[in-house]
Structure formats: C-alpha cells, structure tokens
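Q: Take a look at my_file12.txt, compact mmCIF, C-alpha atoms:
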```
# COMPACT_ATOMS: atom_id res chain seq x y z
CA MET A 1 -19.29 -211.49 -76.90
CA LEU A 2 -18.06 -213.79 -79.64
CA TYR A 3 -20.36 -214.26 -82.59
CA SER A 4 -21.77 -217.71 -83.30
CA LEU A 5 -19.20 -218.88 -85.81
CA GLY A 6 -21.44 -221.34 -87.67
CA LYS A 7 -20.29 -224.12 -89.96
CA THR A 8 -16.53 -224.44 -90.29
CA VAL A 9 -14.86 -225.10 -93.63
CA ARG A 10 -11.23 -226.17 -93.97
CA LYS A 11 -9.29 -226.23 -97.21
CA VAL A 12 -5.69 -227.32 -97.63
CA ARG A 13 -3.59 -226.14 -100.51
CA PRO A 14 -1.69 -229.07 -102.04
CA THR A 15 1.98 -229.00 -101.15
CA VAL A 16 4.14 -228.42 -104.19
CA SER A 17 7.75 -229.55 -103.85
CA VAL A 18 10.67 -229.51 -106.24
CA TYR A 19 13.51 -231.92 -105.59
CA THR A 20 16.91 -231.55 -107.19
CA ASP A 21 19.44 -234.35 -107.59
CA LEU A 22 22.82 -233.54 -106.15
CA PRO A 23 25.86 -234.28 -108.32
CA ALA A 24 28.51 -236.49 -106.77
CA THR A 25 31.08 -234.74 -104.61
CA ARG A 26 34.37 -234.97 -106.53
CA HIS A 27 38.00 -234.93 -105.42
CA PHE A 28 40.56 -233.46 -107.88
CA ASN A 29 44.35 -233.79 -107.94
CA ALA A 30 46.80 -231.08 -108.92
CA LEU A 31 46.30 -231.94 -112.61
CA ASN A 32 42.53 -231.35 -112.24
CA ALA A 33 41.77 -235.03 -112.69
CA VAL A 34 39.04 -236.69 -110.65
CA VAL A 35 40.64 -239.17 -108.28
CA GLU A 36 37.53 -240.21 -106.31
CA THR A 37 33.83 -239.43 -105.93
CA TYR A 38 31.34 -239.59 -103.05
CA ALA A 39 27.57 -239.61 -102.91
CA SER A 40 26.30 -236.14 -101.92
CA GLY A 41 23.20 -237.23 -100.02
CA GLY A 42 20.61 -237.82 -102.71
CA PRO A 43 18.01 -235.33 -104.01
CA ILE A 44 17.18 -232.34 -101.81
CA GLU A 45 14.06 -230.18 -101.68
CA THR A 46 14.94 -226.84 -103.29
CA LEU A 47 11.40 -225.38 -103.46
CA ARG A 48 8.23 -225.95 -101.44
CA THR A 49 4.91 -224.09 -101.25
CA THR A 50 1.92 -224.99 -99.13
CA GLY A 51 -1.02 -223.37 -97.41
CA SER A 52 -4.36 -223.79 -95.73
CA ILE A 53 -7.46 -221.82 -94.87
CA VAL A 54 -10.11 -222.33 -92.23
CA TYR A 55 -13.24 -220.18 -92.28
CA THR A 56 -16.86 -220.16 -91.23
CA GLN A 57 -19.74 -219.75 -93.61
CA GLY A 58 -21.63 -216.49 -93.15
CA ASP A 59 -24.88 -216.30 -91.23
CA LYS A 60 -27.70 -215.53 -93.69
CA ARG A 61 -29.62 -213.80 -90.91
CA HIS A 62 -26.73 -211.35 -90.43
CA PRO A 63 -25.11 -210.90 -93.84
CA LYS A 64 -23.11 -207.82 -92.77
CA ARG A 65 -21.17 -209.66 -90.09
CA SER A 66 -17.61 -210.82 -90.62
CA ASN A 67 -16.78 -214.49 -90.49
CA PHE A 68 -13.94 -216.30 -88.75
CA CYS A 69 -10.91 -216.86 -90.97
CA ALA A 70 -7.41 -218.29 -90.48
CA HIS A 71 -5.26 -218.36 -93.61
CA ASN A 72 -1.64 -219.46 -93.92
CA ILE A 73 0.74 -219.65 -96.91
CA SER A 74 4.30 -220.94 -96.52
CA SER A 75 7.21 -221.30 -98.92
CA MET A 76 10.82 -222.46 -98.82
CA LYS A 77 13.44 -222.15 -101.52
CA LEU A 78 17.12 -222.42 -102.24
CA ILE A 79 18.56 -218.89 -102.15
CA SER A 80 20.63 -219.31 -105.32
CA ASP A 81 19.48 -220.37 -108.77
CA GLY A 82 20.72 -223.80 -109.73
CA LEU A 83 23.47 -225.52 -107.78
CA PRO A 84 26.58 -223.37 -108.06
CA MET A 85 29.56 -224.88 -106.30
CA SER A 86 33.05 -223.52 -105.79
CA ARG A 87 36.24 -225.52 -105.63
CA ILE A 88 37.79 -225.63 -102.17
CA ALA A 89 41.32 -226.42 -101.18
CA ASP A 90 42.31 -229.85 -99.92
CA LEU A 91 44.10 -229.14 -96.65
CA ASN A 92 46.00 -232.45 -96.59
CA PRO A 93 49.74 -231.56 -96.67
CA ALA A 94 50.33 -234.51 -98.96
CA HIS A 95 47.79 -233.14 -101.47
CA VAL A 96 49.31 -229.85 -102.56
CA GLY A 97 47.16 -228.27 -105.28
CA TRP A 98 44.35 -230.78 -104.79
CA THR A 99 40.71 -229.53 -104.52
CA TRP A 100 37.21 -230.65 -103.57
CA GLU A 101 33.83 -229.94 -105.16
CA PRO A 102 31.62 -230.80 -102.13
CA TYR A 103 27.99 -230.92 -103.28
CA TRP A 104 27.15 -232.67 -100.01
CA ASP A 105 27.12 -229.17 -98.44
CA TYR A 106 23.68 -228.61 -100.01
CA ALA A 107 22.20 -231.50 -98.03
CA VAL A 108 23.80 -230.10 -94.87
CA ALA A 109 22.47 -226.60 -95.61
CA SER A 110 18.94 -227.99 -96.08
CA SER A 111 19.00 -229.75 -92.71
CA ALA A 112 20.61 -226.74 -91.01
CA HIS A 113 17.83 -224.50 -92.34
CA THR A 114 15.22 -226.50 -90.41
CA SER A 115 17.17 -225.76 -87.22
CA ALA A 116 17.51 -222.11 -88.27
CA ILE A 117 13.72 -221.73 -88.54
CA THR A 118 13.22 -223.09 -85.03
CA THR A 119 15.94 -220.83 -83.63
CA ALA A 120 14.72 -217.71 -85.45
CA LEU A 121 11.05 -218.10 -84.54
CA ALA A 122 11.93 -218.48 -80.88
CA ALA A 123 13.91 -215.23 -81.07
CA LEU A 124 11.37 -213.31 -83.19
CA GLY A 125 8.34 -214.30 -81.16
CA ALA A 126 6.03 -215.30 -84.01
CA VAL A 127 2.63 -215.98 -82.43
CA GLY A 128 0.12 -216.76 -85.18
CA LEU A 129 -3.31 -217.68 -83.79
CA THR A 130 -2.42 -217.01 -80.16
CA LYS A 131 -2.00 -213.24 -80.80
CA LEU A 132 -5.74 -212.68 -80.93
CA GLN A 133 -6.79 -215.59 -78.77
CA ALA A 134 -5.12 -214.00 -75.76
CA ASN A 135 -6.36 -210.43 -76.27
CA TRP A 136 -9.32 -210.25 -78.66
CA TYR A 137 -11.68 -208.67 -76.12
CA SER A 138 -9.24 -205.92 -75.17
CA TYR A 139 -8.44 -205.24 -78.84
CA ALA A 140 -12.16 -204.98 -79.63
CA VAL A 141 -12.67 -202.55 -76.75
CA SER A 142 -9.72 -200.38 -77.85
CA GLY A 143 -11.00 -200.26 -81.42
CA PHE A 144 -14.60 -199.56 -80.48
CA THR A 145 -13.56 -196.80 -78.06
CA ALA A 146 -11.64 -195.07 -80.86
CA LEU A 147 -14.60 -195.53 -83.24
CA GLN A 148 -17.24 -193.81 -81.11
CA PRO A 149 -18.01 -190.31 -82.43
CA ASP A 150 -17.44 -187.54 -79.90
CA LEU A 151 -17.59 -183.77 -80.32
CA THR A 152 -15.23 -183.18 -77.39
CA LYS A 153 -12.01 -181.49 -78.52
CA LEU A 154 -10.63 -180.41 -75.13
CA SER A 155 -11.59 -180.27 -71.48
CA LEU A 156 -12.36 -176.66 -70.62
CA PRO A 157 -12.72 -177.46 -66.88
CA ASN A 158 -9.21 -178.93 -66.78
CA PHE A 159 -7.85 -176.00 -68.79
CA LEU A 160 -9.27 -173.54 -66.23
CA VAL A 161 -7.71 -175.56 -63.40
CA ASP A 162 -4.35 -175.50 -65.19
CA LEU A 163 -4.39 -171.72 -65.69
CA LYS A 164 -2.45 -171.37 -62.46
CA GLN A 165 0.53 -172.90 -64.26
CA ILE A 166 0.81 -169.92 -66.61
CA GLY A 167 2.78 -168.01 -63.97
CA SER A 168 5.35 -170.78 -63.59
CA LEU A 169 5.66 -171.09 -67.37
CA ALA A 170 6.48 -167.39 -67.56
CA ASP A 171 9.55 -168.08 -65.43
CA ASP A 172 10.94 -170.15 -68.33
CA VAL A 173 10.88 -167.24 -70.78
CA ARG A 174 11.63 -164.35 -68.43
CA PRO A 175 15.43 -164.90 -68.55
CA PHE A 176 15.38 -164.63 -72.35
CA MET A 177 13.45 -161.34 -72.20
CA ASN A 178 16.12 -159.67 -70.06
CA LEU A 179 19.32 -161.09 -71.52
CA VAL A 180 21.10 -157.70 -71.70
CA SER A 181 19.84 -156.07 -68.50
CA ALA A 182 22.35 -155.35 -65.76
CA GLU A 183 20.28 -157.32 -63.25
CA ALA A 184 20.23 -160.38 -65.52
CA LYS A 185 23.99 -160.19 -66.09
CA THR A 186 24.63 -159.98 -62.35
CA GLN A 187 22.33 -162.93 -61.62
CA ARG A 188 24.00 -165.08 -64.32
CA LEU A 189 27.40 -164.31 -62.80
CA VAL A 190 26.16 -165.28 -59.32
CA ASP A 191 24.70 -168.52 -60.67
CA LEU A 192 27.91 -169.34 -62.54
CA ASN A 193 30.12 -168.79 -59.49
CA ARG A 194 27.76 -170.85 -57.35
CA TYR A 195 27.90 -173.68 -59.91
CA ARG A 196 31.71 -173.58 -60.09
CA ALA A 197 31.91 -173.85 -56.30
CA LEU A 198 30.15 -177.20 -56.37
CA SER A 199 31.99 -180.53 -56.48
CA GLY A 200 32.03 -182.55 -59.70
CA LYS A 201 29.29 -184.84 -58.42
CA ASP A 202 27.11 -181.91 -57.33
CA GLN A 203 27.70 -180.13 -60.65
CA LEU A 204 26.40 -183.19 -62.51
CA LYS A 205 23.44 -183.42 -60.17
CA SER A 206 22.62 -179.73 -60.61
CA ALA A 207 22.87 -179.91 -64.41
CA SER A 208 20.72 -183.07 -64.51
CA LYS A 209 18.08 -181.44 -62.35
CA LEU A 210 18.00 -178.35 -64.59
CA VAL A 211 17.63 -180.40 -67.78
CA ALA A 212 14.95 -182.61 -66.21
CA SER A 213 13.05 -179.55 -64.94
CA LYS A 214 13.01 -177.89 -68.36
CA ARG A 215 11.88 -181.14 -70.02
CA LEU A 216 8.96 -181.50 -67.61
CA SER A 217 8.08 -177.83 -68.10
CA TYR A 218 7.84 -178.41 -71.86
CA LYS A 219 6.08 -181.81 -71.76
CA PHE A 220 3.50 -180.94 -69.10
CA GLY A 221 3.38 -177.14 -69.30
CA TRP A 222 4.03 -175.50 -72.63
CA LYS A 223 3.05 -178.36 -74.93
CA PRO A 224 -0.42 -179.09 -73.45
CA THR A 225 -1.17 -175.38 -72.95
CA ILE A 226 -0.40 -174.52 -76.56
CA GLY A 227 -2.34 -177.62 -77.61
CA ASP A 228 -5.39 -176.52 -75.61
CA VAL A 229 -5.33 -173.03 -77.14
CA THR A 230 -5.03 -174.52 -80.63
CA ALA A 231 -7.87 -176.93 -79.87
CA MET A 232 -10.05 -174.02 -78.71
CA LEU A 233 -9.58 -172.22 -82.00
CA ASP A 234 -10.27 -175.42 -83.91
CA ALA A 235 -13.33 -176.08 -81.75
CA VAL A 236 -14.85 -172.68 -82.46
CA LEU A 237 -14.19 -172.99 -86.19
CA GLY A 238 -15.06 -176.68 -86.68
CA LEU A 239 -17.96 -177.44 -84.32
CA LYS A 240 -20.72 -176.72 -86.82
CA ASP A 241 -19.04 -178.74 -89.60
CA ARG A 242 -18.46 -181.80 -87.39
CA LEU A 243 -21.99 -181.81 -86.09
CA GLU A 244 -23.46 -181.42 -89.58
CA ALA A 245 -21.23 -184.20 -90.91
CA PHE A 246 -22.60 -186.59 -88.29
CA LYS A 247 -26.23 -185.58 -88.95
CA ASN A 248 -25.76 -186.06 -92.69
CA SER A 249 -24.48 -189.61 -92.09
CA ILE A 250 -27.52 -190.71 -90.04
CA GLY A 251 -28.91 -193.93 -91.50
CA VAL A 252 -25.87 -194.49 -93.72
CA ASP A 253 -23.89 -197.72 -93.41
CA LEU A 254 -20.26 -196.83 -92.66
CA SER A 255 -17.05 -198.87 -92.34
CA TYR A 256 -14.17 -198.25 -89.97
CA THR A 257 -10.70 -199.74 -89.64
CA LYS A 258 -8.08 -198.83 -87.06
CA THR A 259 -4.58 -200.23 -86.61
CA LEU A 260 -4.12 -201.06 -82.92
CA GLU A 261 -0.63 -202.55 -82.87
CA ASN A 262 2.35 -202.92 -85.20
CA VAL A 263 5.07 -205.54 -84.82
CA ASP A 264 8.38 -205.11 -86.65
CA THR A 265 11.29 -207.22 -85.42
CA TRP A 266 14.62 -208.15 -86.99
CA LYS A 267 17.00 -210.70 -85.48
CA THR A 268 20.26 -212.35 -86.54
CA GLY A 269 22.40 -215.07 -85.04
CA GLN A 270 24.72 -218.01 -85.52
CA PHE A 271 24.71 -221.59 -84.34
CA ASN A 272 26.77 -224.72 -84.93
CA TYR A 273 24.94 -227.42 -86.85
CA GLY A 274 25.99 -231.01 -86.43
CA GLY A 275 27.96 -232.94 -83.86
CA PHE A 276 31.75 -233.08 -83.48
CA ASN A 277 32.38 -231.94 -87.07
CA TYR A 278 29.89 -229.07 -86.95
CA TYR A 279 29.01 -226.47 -89.59
CA PRO A 280 28.78 -222.86 -88.33
CA THR A 281 25.55 -221.42 -89.74
CA ASN A 282 24.36 -217.82 -89.99
CA TRP A 283 20.65 -217.01 -89.82
CA ALA A 284 18.61 -213.83 -90.17
CA GLY A 285 14.90 -213.36 -89.69
CA TYR A 286 12.30 -210.64 -89.64
CA LEU A 287 8.77 -210.56 -88.33
CA LYS A 288 6.12 -208.02 -89.28
CA GLY A 289 2.65 -208.05 -87.83
CA LYS A 290 -0.38 -205.79 -87.60
CA VAL A 291 -3.45 -205.95 -85.36
CA GLN A 292 -6.50 -204.09 -86.69
CA TYR A 293 -10.05 -203.45 -85.57
CA HIS A 294 -12.80 -203.52 -88.21
CA ALA A 295 -16.35 -202.31 -87.73
CA LYS A 296 -19.51 -201.47 -89.65
CA TYR A 297 -21.96 -199.08 -88.06
CA THR A 298 -24.88 -196.78 -88.74
CA PRO A 299 -25.21 -193.32 -87.08
CA GLN A 300 -28.55 -192.83 -85.31
CA PRO A 301 -30.74 -189.71 -84.79
CA LEU A 302 -29.78 -187.32 -82.00
CA ALA A 303 -31.87 -187.41 -78.82
CA VAL A 304 -32.52 -183.67 -78.43
CA LEU A 305 -35.58 -181.52 -77.61
CA GLY A 306 -35.04 -179.11 -80.49
CA PRO A 307 -32.51 -176.96 -82.40
CA LEU A 308 -31.65 -174.76 -79.38
CA ASP A 309 -31.15 -177.76 -77.09
CA GLU A 310 -28.94 -179.34 -79.75
CA LYS A 311 -26.73 -176.24 -80.11
CA ILE A 312 -26.29 -175.67 -76.37
CA ARG A 313 -25.44 -179.30 -75.64
CA ALA A 314 -23.12 -179.47 -78.67
CA VAL A 315 -21.10 -176.48 -77.40
CA LEU A 316 -20.91 -177.93 -73.88
CA ASP A 317 -19.82 -181.33 -75.20
CA HIS A 318 -17.32 -179.75 -77.58
CA PHE A 319 -15.52 -178.07 -74.68
CA GLY A 320 -15.67 -181.10 -72.39
CA VAL A 321 -18.28 -179.69 -70.00
CA GLU A 322 -19.81 -183.05 -69.14
CA LEU A 323 -20.31 -185.51 -66.30
CA ASN A 324 -16.84 -187.06 -66.43
CA PRO A 325 -15.02 -188.31 -63.31
CA GLN A 326 -11.74 -188.12 -65.25
CA ILE A 327 -11.88 -184.30 -64.95
CA LEU A 328 -11.53 -184.55 -61.17
CA TRP A 329 -8.81 -187.18 -61.48
CA ASP A 330 -6.74 -185.04 -63.89
CA ALA A 331 -6.94 -182.14 -61.44
CA ILE A 332 -5.06 -184.16 -58.78
CA PRO A 333 -1.30 -183.36 -58.85
CA LEU A 334 0.87 -186.12 -60.37
CA SER A 335 -2.18 -188.29 -61.18
CA PHE A 336 -0.77 -188.68 -64.68
CA VAL A 337 2.13 -190.74 -63.27
CA LEU A 338 -0.28 -193.43 -62.07
CA ASP A 339 -1.93 -193.34 -65.51
CA TRP A 340 1.37 -194.46 -67.05
CA PHE A 341 1.13 -197.72 -65.12
CA THR A 342 -2.63 -198.31 -64.75
CA GLY A 343 -4.55 -196.14 -67.20
CA PHE A 344 -6.84 -195.15 -64.31
CA GLY A 345 -7.86 -191.88 -66.00
CA ASP A 346 -8.89 -193.66 -69.21
CA TRP A 347 -10.82 -196.18 -67.11
CA LEU A 348 -12.75 -193.37 -65.40
CA SER A 349 -13.67 -191.89 -68.79
CA ASN A 350 -15.70 -195.06 -69.50
CA PHE A 351 -18.25 -193.76 -66.99
CA LYS A 352 -18.66 -190.28 -68.47
CA VAL A 353 -21.99 -188.95 -69.73
CA ASP A 354 -21.63 -186.74 -72.82
CA ALA A 355 -23.56 -183.49 -72.94
CA LEU A 356 -24.58 -184.49 -76.47
CA GLN A 357 -24.38 -188.18 -77.34
CA LEU A 358 -23.68 -189.09 -80.97
CA PRO A 359 -25.36 -192.53 -81.06
CA ILE A 360 -24.37 -195.30 -83.48
CA LEU A 361 -25.70 -198.80 -84.18
CA LEU A 362 -22.85 -201.32 -84.40
CA THR A 363 -23.64 -203.92 -87.07
CA ASP A 364 -20.26 -205.69 -87.31
CA SER A 365 -17.16 -205.90 -85.16
CA ALA A 366 -14.00 -207.94 -85.70
CA VAL A 367 -10.29 -207.95 -84.96
CA SER A 368 -7.62 -209.23 -87.31
CA TYR A 369 -3.93 -210.07 -87.16
CA LYS A 370 -1.68 -210.23 -90.20
CA GLU A 371 1.79 -211.69 -89.71
CA THR A 372 4.69 -212.28 -92.09
CA TYR A 373 8.01 -213.78 -91.14
CA GLN A 374 11.03 -214.73 -93.20
CA VAL A 375 14.07 -216.76 -92.18
CA ASN A 376 17.28 -216.98 -94.21
CA SER A 377 20.18 -219.25 -93.34
CA ARG A 378 23.54 -220.03 -94.91
CA LEU A 379 26.49 -222.22 -94.01
CA ILE A 380 29.62 -220.26 -93.16
CA THR A 381 32.30 -222.90 -93.62
CA ASN A 382 32.74 -226.64 -93.38
CA PRO A 383 34.43 -228.42 -90.47
CA SER A 384 37.82 -228.33 -92.19
CA GLY A 385 37.90 -224.54 -92.51
CA PHE A 386 38.73 -224.72 -96.23
CA ALA A 387 39.87 -221.89 -98.48
CA PHE A 388 37.90 -221.05 -101.64
CA VAL A 389 39.76 -221.71 -104.85
CA THR A 390 37.08 -220.68 -107.36
CA ALA A 391 33.89 -218.62 -107.23
CA PRO A 392 31.28 -218.47 -105.79
CA HIS A 393 32.90 -217.72 -102.43
CA THR A 394 29.76 -218.55 -100.46
CA LEU A 395 28.16 -221.77 -99.28
CA PRO A 396 24.57 -222.90 -99.88
CA GLY A 397 21.67 -221.20 -98.11
CA PHE A 398 17.88 -221.44 -97.91
CA SER A 399 15.04 -218.98 -97.34
CA SER A 400 11.59 -219.57 -95.84
CA GLU A 401 8.60 -217.24 -95.67
CA SER A 402 5.24 -217.64 -93.99
CA ARG A 403 2.25 -215.32 -94.30
CA PHE A 404 -0.58 -215.66 -91.81
CA TYR A 405 -3.95 -213.89 -91.52
CA HIS A 406 -6.45 -214.37 -88.71
CA ARG A 407 -9.82 -212.63 -88.35
CA MET A 408 -12.05 -213.08 -85.32
CA PRO A 409 -15.57 -211.57 -85.14
CA VAL A 410 -16.09 -210.27 -81.61
CA ASP A 411 -18.30 -207.61 -80.01
CA PRO A 412 -16.73 -205.14 -77.56
CA SER A 413 -17.57 -206.23 -74.03
CA VAL A 414 -18.93 -203.62 -71.61
CA ALA A 415 -17.46 -205.65 -68.73
CA THR A 416 -14.02 -205.58 -70.37
CA MET A 417 -14.30 -201.83 -71.01
CA ARG A 418 -14.78 -201.28 -67.30
CA GLN A 419 -11.91 -203.44 -66.11
CA LEU A 420 -8.89 -201.72 -64.63
CA GLY A 421 -5.54 -203.30 -65.41
CA TRP A 422 -1.82 -202.62 -65.48
CA LYS A 423 -0.03 -200.94 -68.38
CA ARG A 424 3.56 -200.95 -69.55
CA PRO A 425 4.82 -197.33 -69.78
CA THR A 426 6.18 -196.19 -73.14
CA LYS A 427 9.80 -195.18 -73.64
CA SER A 428 8.87 -191.50 -73.48
CA GLN A 429 6.93 -192.03 -70.25
CA TRP A 430 9.93 -193.76 -68.66
CA ILE A 431 12.07 -190.74 -69.58
CA ASN A 432 9.45 -188.44 -68.05
CA PHE A 433 9.42 -190.61 -64.92
CA VAL A 434 13.22 -190.35 -64.54
CA SER A 435 13.04 -186.58 -65.13
CA LEU A 436 10.36 -186.22 -62.46
CA ALA A 437 12.35 -188.31 -59.98
CA THR A 438 15.44 -186.18 -60.66
CA VAL A 439 13.59 -182.91 -60.04
CA LEU A 440 12.02 -184.28 -56.84
CA GLY A 441 15.40 -185.60 -55.66
CA LEU A 442 14.25 -189.20 -55.42
```
Can the structure in the file be given as structure tokens, please?
A:
Amino acid sequence: MLYSLGKTVRKVRPTVSVYTDLPATRHFNALNAVVETYASGGPIETLRTTGSIVYTQGDKRHPKRSNFCAHNISSMKLISDGLPMSRIADLNPAHVGWTWEPYWDYAVASSAHTSAITTALAALGAVGLTKLQANWYSYAVSGFTALQPDLTKLSLPNFLVDLKQIGSLADDVRPFMNLVSAEAKTQRLVDLNRYRALSGKDQLKSASKLVASKRLSYKFGWKPTIGDVTAMLDAVLGLKDRLEAFKNSIGVDLSYTKTLENVDTWKTGQFNYGGFNYYPTNWAGYLKGKVQYHAKYTPQPLAVLGPLDEKIRAVLDHFGVELNPQILWDAIPLSFVLDWFTGFGDWLSNFKVDALQLPILLTDSAVSYKETYQVNSRLITNPSGFAFVTAPHTLPGFSSESRFYHRMPVDPSVATMRQLGWKRPTKSQWINFVSLATVLGL
C-alpha cells in the first residue's frame, strides 16, 4: 500500500540566467579592413540554472517513515569560456582573401541546442517521475524479498535429486584422464576420421553441437554442483554465527538499502538545424539512473519451543529442508527454461514455509530513483561550408545537465508478491537457450 502522503510542500528555485551580448558579425577584405557589419542576433543566454522540489511533511505519528520527495536541478551553459570566434574564408570568387567573423553562429547554436535536447532525450529514454510510477509496487516487492533474513544456504533435497548428474559430469573429464592410453588414441582417430567425412555444413553443425553441449554441462552441471558443495561447507561453518547475529539484533532498529536497477546509456547523433540553409549539428548525451529500495526494520524474537527445537529447525532451514513447492518444480527437467521467461520458480517460493522463520517488523519502506542526464551539442559547419582561417577551428556548442531524484514511500504488497508475470531473459540466458536448442537439434 502507499503511505498517506500528508501535506504537500512545493518550492521552486529561482532561475538564474546570464545573457551575453553578441558582437556584430564583421566582413573583412584582403587588407583586413572591415567592409560591412551585421547584427548577430542580440544577447544570448550563456548560463542558466534552475530547480524545484516537491515533498510531503512527515507524519508525527510515524516519525520513522520516509516522505515523498521529487527534486530536480537543471543547468545549461556555453561549452567554451567567453565568445571565441575564428575567421572563416569568404567563398565568393570575387572576394579572394576576404574573411568573415560570424558571431551570429552563437545564436544559431543556442537554438539548435534546444532541438538537440529533445532529440537526445527521445533516444536516451529519460523517464523522470514515470520510472517509479509504473513499477513502484514490483520494486518494493523485489527489495523486501531480498531484505528478509533467511538461514537457507542451499536446497539439500534438490542436491540429492541432482546427484544422478554426477555420472554424466564424469564423462566430461574422463577423456582428459586417459589422454595417452592406446584406447583413447584409437578413439580420437576414429572421431577425427568421422568428422572429416562430414560435409562442410555437417562439420559446422557437429562443432556447434559439441560447443553448446560443453557450455550447458558447465553452466548447469559443474558450476551448480561445485557451488552446492561450497555452500555445504559454508553452511556447516557459518550456521551458528548467522543465527547468533540475528538473535543479537532482536529489538534493534536496522536500515537496509538495495540497488534494484542501474541505467547507463550513451547516445550520439547528428541532425540538420534550420530550413533550406541548414546547419549540421552534432549531439551527444548520456543517461545514468539508479533504482533503490530503502527499508527500516526491527528483528523480532524467534518462535521456538526451546534451545533444542531452535537448533534442529535452524539446521533444517539452513539446508533447505522446508515446505517449499519450488523444490518439486526445480526437480522437473528443463523447468529452468520456463523460469527464464516467467519466473515461475521464484513465484512458487513465495508460498514456502521456513523450518525456522526469522521474523522482522517493517517500520519503513520506500523506493527511490536517481537520474542524471547530460546533452552536449555543437554546430559542425555553416551552410556555406567555409574553411577556417584562424583558430579556434570549432563552432559554438552548449551543454545541459539535469539531475532528478524521486522517493516514494510504499509498502510491499502481498498481492503483488503472489502475481505471476512475464520476464525478459538476460543475455546469458538467451545464449543458454540457443545452446540448448542446438544440442536438442531444434
């Protein structure tokens, strides 16, 4: 549920702008004498800062709870210091050696930068407030799920089911144990001749199938098996310490923060600003964002009958011996493939009953999104395609930056925790999917 947000306060930071007068654009002859001048477009804004904050006043009845907050600070500035301007060649054949000093390009660059911001933000996908508004319940559930203390380090029932894979894993190492035996040499020769007899297409198919098979053997055989053995050793050595650490924290107010999502995007592009006599303009932008879950909680006493009951249930919970429908799901062949797209196994784990529950009292829950984006733009050349005569050999450019922070107090919803939805597989899972399809000949 969303907290009652209370009285809303809005404050706007006064906009501070600096305007700079543009010198007249001058036209020089071959003797470096000014032959004519033109207005360059009047003063332009070379620096601007502004910002605002909206927040709710805290509830005195619940002083530990976070408040709603939306804070934004924006700035825009001319990339260079001052107004440097190069001389450019006059391309009129009748004006050999003549040059221009076109300060009007600064006014064009300022207007082009506004278009660059619109173009860059569309490409970067800056979202601001809508990032949390669309997903705050699911973010809260993800954060709260990670927060909940749990003694379970591995699932012993699943490990026992997977023991039958040890024989197939041995097939991966057996060839390396008999590299010099006569039987191994004969078999390698037979395999090599059989491979050479295949067509080019079949050779590629055979090699792809071998590589895919070994990848799957590592990802879903060796890696989890070694991980389970390591977890067993850690479980035996660390169970007492973890349980004591929780018991020592009972009644203590604790804070927790977890990063749920990172956004880091960089885009570049070019567009033509203006009408018939357009100015090609380069732009570059980056977007960085971070979604975090914040909580305050207090560990509660264990519901046990006595020291012996506590120890027995702690050991059972530590090794995953619990009422958990996910154990049965994981035992079904290829069930993990469906998990890549639906997260069905994780959904089933929401219904598990721990052998030893480590209870906590949640006193505050909130999600936040911090976003920073920057857009830089610079004119490339003017419509005449001039040549630079003097430094600097670049045209004017502008830079804008916006920093946004949004915090929304929200409790994790039990209903949301028990909803089953679709997932987008990760890059590694897509590679595993292709490997599996290759091995199965799909």
Q: What's around Asn29 of chain A at 12 Å? Count all atoms listed in the file, leave out sequence neighbours fewer than 4 positions away in its own chain, and write the answer as number ranges by chain.
A: A: 33-36, 87-90, 92, 94-101
Q: So the first atom is atom CA of Ser52 of chain A and the second is atom CA of Pro409 of chain A; what is the distance between them in Å, to one decimal place?
A: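 Here the two named atoms are 19.7 Å from each other.
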Q: Using all atoms listed in the file for the distances, tell me which of A:Phe68, A:Tyr293, A:Phe319, A:Phe398 is nearest to Leu129 of chain A.
A: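 Looking at the shortest contact to Leu129 of chain A, the residue is A:Phe68.
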Q: My list of candidates is A:Thr265, A:Thr394, A:Ser40, A:Thr257. Which is closest to Tyr373 of chain A when distances are computed with only C-alpha atoms?
A: A:Thr265
Q: Quick one: residues within 12 Å of Tyr286 of chain A, only C-alpha atoms counted, chain neighbours fewer than 3 positions away excluded, as a list in words?
A: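 Returned residues: Ile117, Ala120, Leu121, Ala122, Ala123, Leu124, Gly125, Ala126, Val263, Asp264, Thr265, Trp266, Lys267, Thr268, Gly269, Trp283, Gly289, Glu371, Thr372, Tyr373, Gln374, Val375, Asn376, Ser399, Ser400, Glu401 and Ser402 of chain A.
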Q: Could you give me, as a list of chain:residue names, the residues within 10 Å of Val304 of chain A, counting all atoms listed in the file and dropping anything in the same chain fewer than 5 positions from it?
A: A:Asp309, A:Glu310, A:Lys311, A:Arg313, A:Leu356, A:Gln357
Q: As lines of an AutoDock Vina configuration file, please report the centre and edge lengths, rounded to one decimal in Å, of the axis-aligned box that holds all listed atoms of segment 46-57 of chain A with 6 Å of padding on each of the six sides.
A:
```
center_x = -2.4
center_y = -223.3
center_z = -97.3
size_x = 46.7
size_y = 19.1
size_z = 24.2
```
Q: Of the candidates A:Gly51, A:Pro359, A:Pro93, A:Pro102, which one gets nearest to Thr37 of chain A if we count all atoms listed in the file?
A: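 Among the listed residues, the smallest separation from Thr37 of chain A belongs to A:Pro102.
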Q: Rank nothing, just name the residue among A:Ala30, A:Ala366, A:Val108, A:Val12 nearest to Gly274 of chain A, using all atoms listed in the file.
A: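 So, comparing all the options, the nearest one is A:Val108.
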Q: Which value, in Å to one decimal, gives the distance between atom CA of Leu22 of chain A and atom CA of Glu45 of chain A?
A: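 These two atoms are separated by 10.4 Å.
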Q: Within 12 Å of (25.1, -217.4, -95.9), in the coordinates the file gives, what residues turn up when you count only C-alpha atoms, written out as a VMD selection string?
A: chain A and resid 78 to 80 109 112 to 113 116 268 to 270 279 to 284 375 to 381 392 to 399
Q: For a test of reading the model, state the distance in Å between atom CA of Lys290 of chain A and atom CA of Arg407 of chain A, rounded to one decimal.
A: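 A separation of 11.7 Å between them.
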Q: Near Ile312 of chain A, counting all atoms listed in the file, which residues have an atom at most 10 Å away, once you skip same-chain residues fewer than 5 positions from it, shown as a ChimeraX atom specification?
A: /A:307,317-318,355-356
Q: Given the choices A:Leu91, A:Val291, A:Leu361, A:Leu239, which gets closest to Gly143 of chain A if the distance is worked out from all atoms listed in the file?
A: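 Closest to Gly143 of chain A, using all atoms listed in the file: A:Val291.
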Q: Name the residues in contact with Thr8 of chain A at a cut-off of 7 Å, using only C-alpha atoms, excluding same-chain residues fewer than 5 positions from it; report them as a PyMOL selection string.
A: chain A and resi 55-57
Q: I need the residues from that last selection saved to file as a PDB file, in the frame of the given file (with C-alpha atoms), if you can.
A:
```pdb
ATOM      1  CA  TYR A  55     -13.240-220.180 -92.280  1.00  0.00           C
ATOM      2  CA  THR A  56     -16.860-220.160 -91.230  1.00  0.00           C
ATOM      3  CA  GLN A  57     -19.740-219.750 -93.610  1.00  0.00           C
TER       4      GLN A  57
END
```
Q: Which residue, A:Asp150, A:Asp364, A:Asp354, A:Asp21, has the smallest gap to Phe246 of chain A when you use all atoms listed in the file?
A: A:Asp150
